[in-house]
file structure_20.cif (mmCIF, C-alpha atoms and all ligand atoms)
data_my_file
#
loop_
_atom_site.group_PDB
_atom_site.id
_atom_site.type_symbol
_atom_site.label_atom_id
_atom_site.label_comp_id
_atom_site.auth_asym_id
_atom_site.auth_seq_id
_atom_site.Cartn_x
_atom_site.Cartn_y
_atom_site.Cartn_z
ATOM 1 C CA MET A 1 -5.613 -10.716 -4.578
ATOM 2 C CA ALA A 2 -7.837 -11.393 -1.581
ATOM 3 C CA ILE A 3 -5.990 -12.621 1.489
ATOM 4 C CA VAL A 4 -9.164 -13.072 3.555
ATOM 5 C CA SER A 5 -12.630 -13.654 2.217
ATOM 6 C CA VAL A 6 -16.010 -14.665 3.517
ATOM 7 C CA LYS A 7 -18.849 -15.743 1.289
ATOM 8 C CA ASN A 8 -22.499 -15.594 2.220
ATOM 9 C CA LEU A 9 -21.753 -15.941 5.925
ATOM 10 C CA HIS A 10 -24.709 -16.761 8.165
ATOM 11 C CA LYS A 11 -24.573 -17.026 11.936
ATOM 12 C CA ARG A 12 -27.286 -17.113 14.527
ATOM 13 C CA PHE A 13 -27.244 -17.686 18.265
ATOM 14 C CA GLY A 14 -30.508 -19.331 19.296
ATOM 15 C CA MET A 15 -33.252 -17.254 17.668
ATOM 16 C CA GLN A 16 -31.024 -14.246 17.118
ATOM 17 C CA VAL A 17 -29.683 -13.870 13.582
ATOM 18 C CA VAL A 18 -26.387 -12.012 13.858
ATOM 19 C CA LEU A 19 -24.915 -12.404 10.366
ATOM 20 C CA GLY A 20 -27.529 -12.816 7.652
ATOM 21 C CA GLY A 21 -25.384 -13.373 4.580
ATOM 22 C CA ILE A 22 -22.126 -11.395 4.596
ATOM 23 C CA SER A 23 -19.699 -11.473 1.671
ATOM 24 C CA LEU A 24 -16.402 -9.660 1.818
ATOM 25 C CA GLU A 25 -13.045 -9.924 0.062
ATOM 26 C CA ILE A 26 -10.095 -8.244 1.703
ATOM 27 C CA ALA A 27 -7.151 -7.342 -0.499
ATOM 28 C CA ALA A 28 -3.661 -8.186 0.741
ATOM 29 C CA GLY A 29 -1.934 -5.133 2.169
ATOM 30 C CA SER A 30 -5.127 -3.110 2.611
ATOM 31 C CA CYS A 31 -6.695 -1.661 5.728
ATOM 32 C CA VAL A 32 -10.396 -2.381 6.003
ATOM 33 C CA VAL A 33 -12.410 -0.821 8.809
ATOM 34 C CA VAL A 34 -15.555 -2.594 9.971
ATOM 35 C CA LEU A 35 -18.197 -0.306 11.452
ATOM 36 C CA GLY A 36 -21.547 -0.986 13.035
ATOM 37 C CA ALA A 37 -23.545 -0.363 16.185
ATOM 38 C CA SER A 38 -22.967 -2.451 19.300
ATOM 39 C CA GLY A 39 -24.221 -5.981 18.852
ATOM 40 C CA THR A 40 -24.224 -5.955 15.028
ATOM 41 C CA GLY A 41 -21.757 -8.833 14.884
ATOM 42 C CA LYS A 42 -18.406 -7.166 14.272
ATOM 43 C CA SER A 43 -16.550 -9.296 16.800
ATOM 44 C CA VAL A 44 -18.479 -12.347 15.619
ATOM 45 C CA LEU A 45 -17.252 -11.649 12.071
ATOM 46 C CA LEU A 46 -13.618 -11.412 13.225
ATOM 47 C CA LYS A 47 -13.962 -14.692 15.112
ATOM 48 C CA HIS A 48 -15.142 -16.427 11.936
ATOM 49 C CA ILE A 49 -12.140 -15.119 10.040
ATOM 50 C CA VAL A 50 -9.772 -16.913 12.425
ATOM 51 C CA GLY A 51 -11.951 -19.982 12.872
ATOM 52 C CA LEU A 52 -12.919 -19.312 16.493
ATOM 53 C CA LEU A 53 -16.557 -19.551 15.405
ATOM 54 C CA LYS A 54 -18.063 -21.747 12.688
ATOM 55 C CA PRO A 55 -20.658 -20.367 10.307
ATOM 56 C CA ASP A 56 -24.135 -21.898 10.074
ATOM 57 C CA LYS A 57 -23.911 -21.369 6.342
ATOM 58 C CA GLY A 58 -21.345 -19.842 3.994
ATOM 59 C CA GLN A 59 -17.585 -20.075 3.658
ATOM 60 C CA VAL A 60 -14.421 -18.543 5.031
ATOM 61 C CA PHE A 61 -11.152 -18.476 3.100
ATOM 62 C CA PHE A 62 -7.593 -17.599 3.977
ATOM 63 C CA GLU A 63 -5.771 -16.945 0.715
ATOM 64 C CA ASP A 64 -7.280 -19.683 -1.451
ATOM 65 C CA LYS A 65 -7.749 -22.177 1.338
ATOM 66 C CA ARG A 66 -11.179 -22.837 2.751
ATOM 67 C CA ILE A 67 -10.894 -22.855 6.547
ATOM 68 C CA ASP A 68 -14.397 -22.983 8.017
ATOM 69 C CA LYS A 69 -14.518 -26.772 7.923
ATOM 70 C CA LEU A 70 -10.987 -27.364 9.186
ATOM 71 C CA PRO A 71 -10.521 -29.288 12.418
ATOM 72 C CA GLU A 72 -8.917 -27.429 15.310
ATOM 73 C CA ARG A 73 -5.507 -29.080 14.857
ATOM 74 C CA LEU A 74 -5.226 -27.703 11.296
ATOM 75 C CA LEU A 75 -6.646 -24.314 12.232
ATOM 76 C CA VAL A 76 -3.652 -23.805 14.499
ATOM 77 C CA ASP A 77 -1.461 -23.472 11.399
ATOM 78 C CA VAL A 78 -3.867 -21.082 9.710
ATOM 79 C CA ARG A 79 -4.019 -18.898 12.837
ATOM 80 C CA ARG A 80 -0.264 -18.337 12.707
ATOM 81 C CA ASN A 81 -0.933 -15.965 9.852
ATOM 82 C CA PHE A 82 -3.066 -13.777 12.101
ATOM 83 C CA GLY A 83 -2.361 -11.407 14.934
ATOM 84 C CA PHE A 84 -5.440 -10.686 17.017
ATOM 85 C CA LEU A 85 -5.726 -7.631 19.210
ATOM 86 C CA PHE A 86 -8.749 -8.608 21.246
ATOM 87 C CA GLN A 87 -11.371 -6.179 22.452
ATOM 88 C CA MET A 88 -10.256 -6.822 26.032
ATOM 89 C CA SER A 89 -6.497 -6.855 25.500
ATOM 90 C CA ALA A 90 -5.950 -9.814 27.768
ATOM 91 C CA LEU A 91 -2.346 -9.713 28.941
ATOM 92 C CA PHE A 92 -1.214 -12.181 31.571
ATOM 93 C CA ASP A 93 -1.092 -9.981 34.655
ATOM 94 C CA SER A 94 1.360 -12.158 36.526
ATOM 95 C CA SER A 95 3.944 -12.165 33.706
ATOM 96 C CA SER A 96 6.260 -9.313 32.753
ATOM 97 C CA ASN A 97 5.566 -7.398 29.553
ATOM 98 C CA ILE A 98 8.334 -9.126 27.665
ATOM 99 C CA ASP A 99 7.149 -12.550 28.832
ATOM 100 C CA ASN A 100 3.740 -11.638 27.462
ATOM 101 C CA VAL A 101 5.222 -10.788 24.064
ATOM 102 C CA ALA A 102 7.485 -13.855 24.074
ATOM 103 C CA PHE A 103 4.603 -16.181 24.916
ATOM 104 C CA PRO A 104 3.425 -17.021 21.356
ATOM 105 C CA LEU A 105 7.025 -17.610 20.276
ATOM 106 C CA ILE A 106 7.599 -19.998 23.181
ATOM 107 C CA GLU A 107 4.336 -21.805 22.421
ATOM 108 C CA HIS A 108 4.659 -22.047 18.661
ATOM 109 C CA THR A 109 8.348 -22.058 17.744
ATOM 110 C CA ARG A 110 11.472 -23.947 18.722
ATOM 111 C CA LEU A 111 13.711 -20.922 18.615
ATOM 112 C CA PRO A 112 16.350 -20.670 21.327
ATOM 113 C CA ARG A 113 15.391 -18.615 24.342
ATOM 114 C CA ASP A 114 17.786 -15.721 23.728
ATOM 115 C CA GLU A 115 16.528 -15.367 20.181
ATOM 116 C CA ILE A 116 12.906 -15.367 21.381
ATOM 117 C CA TYR A 117 13.639 -12.599 23.859
ATOM 118 C CA ALA A 118 15.533 -10.594 21.246
ATOM 119 C CA ILE A 119 12.517 -10.786 18.934
ATOM 120 C CA ALA A 120 10.153 -9.870 21.785
ATOM 121 C CA GLN A 121 12.265 -6.826 22.654
ATOM 122 C CA GLN A 122 12.338 -5.790 18.988
ATOM 123 C CA LYS A 123 8.517 -5.979 18.867
ATOM 124 C CA LEU A 124 8.250 -3.819 21.987
ATOM 125 C CA GLU A 125 10.526 -1.297 20.274
ATOM 126 C CA MET A 126 8.369 -1.420 17.189
ATOM 127 C CA VAL A 127 5.336 -0.281 19.209
ATOM 128 C CA GLY A 128 7.407 2.454 20.843
ATOM 129 C CA LEU A 129 7.955 0.786 24.225
ATOM 130 C CA PRO A 130 11.670 -0.013 24.419
ATOM 131 C CA ASP A 131 11.859 0.319 28.212
ATOM 132 C CA VAL A 132 8.972 -1.680 29.612
ATOM 133 C CA ALA A 133 10.253 -5.237 29.159
ATOM 134 C CA GLN A 134 10.824 -6.038 32.819
ATOM 135 C CA LYS A 135 7.776 -4.167 34.118
ATOM 136 C CA MET A 136 4.443 -5.821 34.783
ATOM 137 C CA PRO A 137 1.342 -4.941 32.726
ATOM 138 C CA ALA A 138 -0.290 -3.434 35.833
ATOM 139 C CA GLU A 139 2.475 -0.823 35.969
ATOM 140 C CA LEU A 140 1.470 0.586 32.571
ATOM 141 C CA SER A 141 -1.334 2.866 31.418
ATOM 142 C CA GLY A 142 -4.232 1.451 29.390
ATOM 143 C CA GLY A 143 -2.757 2.788 26.160
ATOM 144 C CA MET A 144 0.622 1.231 26.860
ATOM 145 C CA ARG A 145 -0.983 -2.104 27.706
ATOM 146 C CA LYS A 146 -2.748 -2.013 24.336
ATOM 147 C CA ARG A 147 0.627 -1.511 22.692
ATOM 148 C CA VAL A 148 2.142 -4.446 24.599
ATOM 149 C CA ALA A 149 -0.802 -6.536 23.400
ATOM 150 C CA LEU A 150 -0.078 -5.303 19.885
ATOM 151 C CA ALA A 151 3.593 -6.266 20.238
ATOM 152 C CA ARG A 152 2.392 -9.730 21.243
ATOM 153 C CA ALA A 153 -0.010 -9.832 18.284
ATOM 154 C CA ILE A 154 2.867 -9.196 15.855
ATOM 155 C CA ALA A 155 5.360 -11.503 17.599
ATOM 156 C CA MET A 156 4.918 -14.239 15.004
ATOM 157 C CA ASN A 157 5.083 -11.873 12.004
ATOM 158 C CA PRO A 158 1.467 -12.340 10.983
ATOM 159 C CA LYS A 159 0.239 -11.483 7.504
ATOM 160 C CA VAL A 160 -3.025 -10.097 8.860
ATOM 161 C CA ILE A 161 -3.804 -8.222 12.062
ATOM 162 C CA LEU A 162 -7.319 -8.068 13.424
ATOM 163 C CA TYR A 163 -7.921 -5.121 15.717
ATOM 164 C CA ASP A 164 -11.103 -5.279 17.766
ATOM 165 C CA GLU A 165 -11.815 -1.739 18.964
ATOM 166 C CA PRO A 166 -8.173 -0.846 19.519
ATOM 167 C CA THR A 167 -8.838 2.724 20.684
ATOM 168 C CA THR A 168 -11.812 2.166 22.974
ATOM 169 C CA GLY A 169 -11.197 3.630 26.408
ATOM 170 C CA LEU A 170 -8.184 5.682 25.310
ATOM 171 C CA ASP A 171 -7.972 9.468 25.262
ATOM 172 C CA PRO A 172 -7.705 11.168 21.832
ATOM 173 C CA ILE A 173 -3.931 11.420 21.907
ATOM 174 C CA ARG A 174 -3.349 7.816 22.945
ATOM 175 C CA SER A 175 -5.933 6.769 20.368
ATOM 176 C CA ASP A 176 -3.938 8.565 17.735
ATOM 177 C CA VAL A 177 -0.778 6.749 18.790
ATOM 178 C CA ILE A 178 -2.620 3.496 18.081
ATOM 179 C CA ASN A 179 -3.813 4.831 14.700
ATOM 180 C CA GLU A 180 -0.265 5.754 13.783
ATOM 181 C CA LEU A 181 0.914 2.300 14.823
ATOM 182 C CA ILE A 182 -1.697 0.631 12.646
ATOM 183 C CA LEU A 183 -0.449 2.684 9.693
ATOM 184 C CA LYS A 184 3.178 2.067 10.544
ATOM 185 C CA LEU A 185 2.787 -1.714 10.734
ATOM 186 C CA GLN A 186 0.978 -1.665 7.462
ATOM 187 C CA ARG A 187 3.677 0.409 5.825
ATOM 188 C CA GLU A 188 6.707 -1.320 7.294
ATOM 189 C CA LEU A 189 5.509 -4.907 7.385
ATOM 190 C CA GLN A 190 3.044 -4.803 4.474
ATOM 191 C CA ILE A 191 0.516 -6.224 6.868
ATOM 192 C CA THR A 192 -3.177 -6.475 6.029
ATOM 193 C CA SER A 193 -5.294 -4.820 8.701
ATOM 194 C CA ILE A 194 -8.901 -5.406 9.630
ATOM 195 C CA VAL A 195 -10.002 -2.859 12.196
ATOM 196 C CA VAL A 196 -13.289 -2.930 14.078
ATOM 197 C CA THR A 197 -14.053 0.432 15.593
ATOM 198 C CA HIS A 198 -16.740 2.869 16.721
ATOM 199 C CA ASP A 199 -14.229 5.664 16.593
ATOM 200 C CA MET A 200 -14.860 7.576 13.361
ATOM 201 C CA ASN A 201 -11.680 9.655 13.688
ATOM 202 C CA SER A 202 -9.708 6.484 13.824
ATOM 203 C CA ALA A 203 -11.731 4.950 10.982
ATOM 204 C CA PHE A 204 -11.099 7.872 8.643
ATOM 205 C CA LYS A 205 -7.450 7.993 9.549
ATOM 206 C CA VAL A 206 -6.549 4.366 8.868
ATOM 207 C CA ALA A 207 -9.102 3.032 6.359
ATOM 208 C CA ASP A 208 -8.546 2.331 2.696
ATOM 209 C CA ARG A 209 -12.037 0.944 2.724
ATOM 210 C CA LEU A 210 -14.962 0.951 5.155
ATOM 211 C CA VAL A 211 -17.595 -1.702 5.612
ATOM 212 C CA MET A 212 -20.637 -1.120 7.778
ATOM 213 C CA LEU A 213 -22.745 -3.911 9.244
ATOM 214 C CA HIS A 214 -26.397 -3.280 9.940
ATOM 215 C CA GLU A 215 -29.078 -5.812 10.822
ATOM 216 C CA GLY A 216 -27.028 -8.769 9.684
ATOM 217 C CA LYS A 217 -26.075 -7.344 6.302
ATOM 218 C CA ILE A 218 -23.441 -5.132 4.784
ATOM 219 C CA ARG A 219 -25.082 -1.721 4.596
ATOM 220 C CA PHE A 220 -22.092 0.098 3.128
ATOM 221 C CA ASP A 221 -18.852 -0.934 1.449
ATOM 222 C CA GLY A 222 -16.650 1.762 -0.022
ATOM 223 C CA THR A 223 -13.956 4.365 0.432
ATOM 224 C CA PRO A 224 -13.785 7.080 3.112
ATOM 225 C CA GLU A 225 -14.787 9.663 0.502
ATOM 226 C CA GLU A 226 -17.810 7.616 -0.505
ATOM 227 C CA ILE A 227 -19.050 7.152 3.062
ATOM 228 C CA ARG A 228 -18.806 10.890 3.729
ATOM 229 C CA LEU A 229 -21.002 11.522 0.698
ATOM 230 C CA SER A 230 -23.506 8.781 1.513
ATOM 231 C CA GLU A 231 -27.144 9.867 1.534
ATOM 232 C CA ASP A 232 -28.235 6.756 3.471
ATOM 233 C CA ALA A 233 -29.791 8.016 6.735
ATOM 234 C CA VAL A 234 -28.537 5.016 8.747
ATOM 235 C CA ILE A 235 -24.971 5.670 7.633
ATOM 236 C CA LYS A 236 -25.166 9.433 8.049
ATOM 237 C CA ARG A 237 -26.416 9.026 11.606
ATOM 238 C CA PHE A 238 -23.700 6.527 12.416
ATOM 239 C CA ILE A 239 -20.837 8.675 11.217
ATOM 240 C CA THR A 240 -22.135 11.836 12.857
ATOM 241 C CA GLY A 241 -23.113 9.985 16.042
ATOM 242 C CA GLU A 242 -26.662 11.274 16.192
ATOM 243 C CA ALA A 243 -29.389 9.209 17.804
ATOM 244 C CA GLY A 244 -32.258 8.391 15.456
ATOM 245 C CA GLU A 245 -35.974 8.005 16.081
ATOM 246 C CA GLN A 246 -35.577 4.384 17.130
ATOM 247 C CA GLU A 247 -32.955 5.140 19.799
ATOM 248 C CA LEU A 248 -34.893 8.161 21.081
ATOM 249 C CA ALA A 249 -38.148 6.206 21.248
ATOM 250 C CA SER A 250 -36.473 3.631 23.480
ATOM 251 C CA LEU A 251 -35.337 6.456 25.788
ATOM 252 C CA MET A 252 -38.889 7.723 26.058
ATOM 253 C CA ARG A 253 -39.998 4.273 27.172
ATOM 254 C CA VAL A 254 -37.356 4.263 29.913
ATOM 255 C CA ARG A 255 -38.773 7.512 31.281
HETATM 256 N N1 LIG B 301 -20.812 -16.985 21.789
HETATM 257 C C1 LIG B 301 -21.977 -16.335 21.734
HETATM 258 N N2 LIG B 301 -23.117 -16.915 22.187
HETATM 259 C C2 LIG B 301 -24.307 -16.284 22.116
HETATM 260 N N3 LIG B 301 -24.465 -15.044 21.613
HETATM 261 C C3 LIG B 301 -23.394 -14.416 21.155
HETATM 262 C C4 LIG B 301 -22.083 -15.026 21.197
HETATM 263 N N4 LIG B 301 -21.199 -14.167 20.670
HETATM 264 C C5 LIG B 301 -21.906 -13.074 20.313
HETATM 265 N N5 LIG B 301 -23.208 -13.224 20.603
HETATM 266 C C6 LIG B 301 -24.263 -12.242 20.327
HETATM 267 O O1 LIG B 301 -24.138 -11.821 18.986
HETATM 268 C C7 LIG B 301 -24.387 -10.436 18.863
HETATM 269 C C8 LIG B 301 -23.210 -9.778 18.169
HETATM 270 O O2 LIG B 301 -22.111 -9.793 19.048
HETATM 271 P P1 LIG B 301 -20.738 -9.092 18.737
HETATM 272 O O3 LIG B 301 -19.885 -9.320 19.928
HETATM 273 O O4 LIG B 301 -20.214 -9.537 17.434
HETATM 274 O O5 LIG B 301 -21.172 -7.559 18.637
HETATM 275 P P2 LIG B 301 -20.252 -6.335 18.245
HETATM 276 O O6 LIG B 301 -20.751 -5.784 16.957
HETATM 277 O O7 LIG B 301 -18.829 -6.731 18.316
HETATM 278 O O8 LIG B 301 -20.621 -5.298 19.412
HETATM 279 P P3 LIG B 301 -19.673 -4.303 20.277
HETATM 280 O O9 LIG B 301 -19.473 -3.111 19.395
HETATM 281 O O10 LIG B 301 -20.502 -3.976 21.469
HETATM 282 O O11 LIG B 301 -18.411 -5.032 20.607
HETATM 283 C C9 LIG B 301 -24.655 -9.923 20.257
HETATM 284 O O12 LIG B 301 -26.041 -9.804 20.431
HETATM 285 C C10 LIG B 301 -24.084 -10.981 21.162
HETATM 286 O O13 LIG B 301 -24.792 -11.063 22.349
HETATM 287 MG MG MG B 302 -17.267 -6.343 19.592
#
call {"tool": "encode", "arguments": {"input": "structure_20.cif", "output": "structure tokens"}}
result
Amino acid sequence: MAIVSVKNLHKRFGMQVVLGGISLEIAAGSCVVVLGASGTGKSVLLKHIVGLLKPDKGQVFFEDKRIDKLPERLLVDVRRNFGFLFQMSALFDSSSNIDNVAFPLIEHTRLPRDEIYAIAQQKLEMVGLPDVAQKMPAELSGGMRKRVALARAIAMNPKVILYDEPTTGLDPIRSDVINELILKLQRELQITSIVVTHDMNSAFKVADRLVMLHEGKIRFDGTPEEIRLSEDAVIKRFITGEAGEQELASLMRVR
């Protein structure tokens, strides 16, 4: 059964068409990786899924509920089902790590304070950071801060986690820690994961299915094995990271 789906999604900003008719059904418990060059609308797609952006045309569903027309006050309830690890993992710098993780629980539940902090500590342990509760985010490395942000994203036991470039800016080993965490949360919490990434190592490691956006459309939708065998030049270039004629021509103009 699909837990998240979008149907014929269209979105433009001014004259720029970003999504030109995207349809996607995401099965509960799966891990779908969304690929695409910078500016192809990956983050825009994630924002539609949680109702932070409204489509110009098309529909967005959570389970069997249509959400793209919901007013903000009803979207709040829908968003409780989602954890969002934003591209810039915005922790509150002036709050301790555990206060950061506790924040959604304080905002959205009426649990007693000691229970909230026990849950927050348990989430920090889940991401492998049992000892950072009283430290400030600034005292941690970039990779650790990402994990604190992930602990915060799972604080409310979401059904779906959206990861927007979770490994960007991390070295290969710290990236792999994040990959392992994505797999672990999926295994242990039966969470559905939607992962936007440019990092093909990470994509192949975590994906059950890969979807590639290109010029407002879905250019590829299939398994890791299928994408490796793809004969489509656009896809081949993307997964091997080679610049094509278009990119090289623009370099020539710069010179
Ligand atoms: N709120 C907005 N207002 C105007 N334009 C926007 C807005 N959000 C996104 N865009 C534009 O839509 C396009 C797609 O943006 P998006 O952030 O989804 O790209 P992306 O695929 O996530 O890229 P990256 O890999 O660099 O993060 C970009 O050209 C961006 O400038
Ligand atoms: Mg983005």
call {"tool": "residues_near_point", "arguments": {"input": "structure_20.cif", "point": "(0.5, -29.1, 19.1)", "cutoff": "12 Å", "atoms": "all atoms listed in the file", "output": "ChimeraX atom specification"}}
result
/A:72-77,107-109
call {"tool": "write_last_selection", "arguments": {"input": "structure_20.cif", "atoms": "C-alpha atoms", "output": "mmCIF file, keeping the file's coordinate frame"}}
result
data_model
loop_
_atom_site.group_PDB
_atom_site.id
_atom_site.type_symbol
_atom_site.label_atom_id
_atom_site.label_comp_id
_atom_site.auth_asym_id
_atom_site.auth_seq_id
_atom_site.Cartn_x
_atom_site.Cartn_y
_atom_site.Cartn_z
ATOM 1 C CA GLU A 72 -8.917 -27.429 15.310
ATOM 2 C CA ARG A 73 -5.507 -29.080 14.857
ATOM 3 C CA LEU A 74 -5.226 -27.703 11.296
ATOM 4 C CA LEU A 75 -6.646 -24.314 12.232
ATOM 5 C CA VAL A 76 -3.652 -23.805 14.499
ATOM 6 C CA ASP A 77 -1.461 -23.472 11.399
ATOM 7 C CA GLU A 107 4.336 -21.805 22.421
ATOM 8 C CA HIS A 108 4.659 -22.047 18.661
ATOM 9 C CA THR A 109 8.348 -22.058 17.744
#
call {"tool": "closest_residue", "arguments": {"input": "structure_20.cif", "among": "A:Val17, A:Val211, A:Leu70, A:Ala37", "to": "ligand MG 302 (chain B)", "atoms": "all atoms listed in the file"}}
result
A:Ala37
call {"tool": "residues_around", "arguments": {"input": "structure_20.cif", "residues": "Arg12 of chain A", "least_positions_apart": "2", "cutoff": "12 Å", "atoms": "all atoms listed in the file", "output": "VMD selection string"}}
result
chain A and resid 9 to 10 14 to 21 40 to 41 44 to 45 53 to 57 216
call {"tool": "closest_residue", "arguments": {"input": "structure_20.cif", "among": "A:Leu46, A:Ala120, A:Met126, A:Ile182", "to": "ligand MG 302 (chain B)", "atoms": "only C-alpha atoms and all ligand atoms"}}
result
A:Leu46
call {"tool": "closest_residue", "arguments": {"input": "structure_20.cif", "among": "A:Ile194, A:Leu111, A:Leu35, A:Ile22", "to": "Lys159 of chain A", "atoms": "all atoms listed in the file"}}
result
A:Ile194
call {"tool": "residues_near_ligand", "arguments": {"input": "structure_20.cif", "ligand": "ligand MG 302 (chain B)", "cutoff": "8 Å", "atoms": "only C-alpha atoms and all ligand atoms", "output": "list of chain:residue names"}}
result
A:Ser38, A:Gly39, A:Gly41, A:Lys42, A:Ser43, A:Val44, A:Gln87, A:Asp164, A:Glu165, A:Val196
call {"tool": "write_last_selection", "arguments": {"input": "structure_20.cif", "atoms": "C-alpha atoms", "output": "mmCIF file, in the frame of the given file"}}
result
data_model
loop_
_atom_site.group_PDB
_atom_site.id
_atom_site.type_symbol
_atom_site.label_atom_id
_atom_site.label_comp_id
_atom_site.auth_asym_id
_atom_site.auth_seq_id
_atom_site.Cartn_x
_atom_site.Cartn_y
_atom_site.Cartn_z
ATOM 1 C CA SER A 38 -22.967 -2.451 19.300
ATOM 2 C CA GLY A 39 -24.221 -5.981 18.852
ATOM 3 C CA GLY A 41 -21.757 -8.833 14.884
ATOM 4 C CA LYS A 42 -18.406 -7.166 14.272
ATOM 5 C CA SER A 43 -16.550 -9.296 16.800
ATOM 6 C CA VAL A 44 -18.479 -12.347 15.619
ATOM 7 C CA GLN A 87 -11.371 -6.179 22.452
ATOM 8 C CA ASP A 164 -11.103 -5.279 17.766
ATOM 9 C CA GLU A 165 -11.815 -1.739 18.964
ATOM 10 C CA VAL A 196 -13.289 -2.930 14.078
#
call {"tool": "resolve_selection", "arguments": {"input": "structure_20.cif", "expression": "the PyMOL selection byres (((chain A and resi 234-244) around 10) and not hetatm)", "output": "list in words"}}
result
Leu35, Gly36, Ala37, His198, Asp199, Met200, Asn201, Ala203, Met212, Leu213, His214, Arg219, Phe220, Ile227, Arg228, Leu229, Ser230, Glu231, Asp232, Ala233, Glu245, Gln246, Glu247, Leu248 and Ala249 of chain A
call {"tool": "atom_distance", "arguments": {"input": "structure_20.cif", "atom1": "atom CA of Lys205 of chain A", "atom2": "atom CA of Phe82 of chain A"}}
result
22.4 Å
call {"tool": "resolve_selection", "arguments": {"input": "structure_20.cif", "expression": "the PyMOL selection byres (((chain A and resi 98) around 9) and not hetatm)", "output": "PyMOL selection string"}}
result
chain A and resi 95-97+99-103+117+120-121+124+132-136+148+152
call {"tool": "atom_distance", "arguments": {"input": "structure_20.cif", "atom1": "atom CA of Lys123 of chain A", "atom2": "atom CA of Ala90 of chain A"}}
result
17.4 Å
call {"tool": "atom_distance", "arguments": {"input": "structure_20.cif", "atom1": "atom CA of Gly142 of chain A", "atom2": "atom CA of Ser175 of chain A"}}
result
10.6 Å
call {"tool": "closest_residue", "arguments": {"input": "structure_20.cif", "among": "A:Pro166, A:Pro224, A:Pro172, A:Gly29", "to": "ligand LIG 301 (chain B)", "atoms": "all atoms listed in the file"}}
result
A:Pro166
call {"tool": "closest_residue", "arguments": {"input": "structure_20.cif", "among": "A:Thr168, A:Asn81, A:Ser202, A:Thr192", "to": "ligand LIG 301 (chain B)", "atoms": "all atoms listed in the file"}}
result
A:Thr168
call {"tool": "closest_residue", "arguments": {"input": "structure_20.cif", "among": "A:Arg187, A:Arg113, A:Lys47, A:Arg174", "to": "ligand LIG 301 (chain B)", "atoms": "all atoms listed in the file"}}
result
A:Lys47
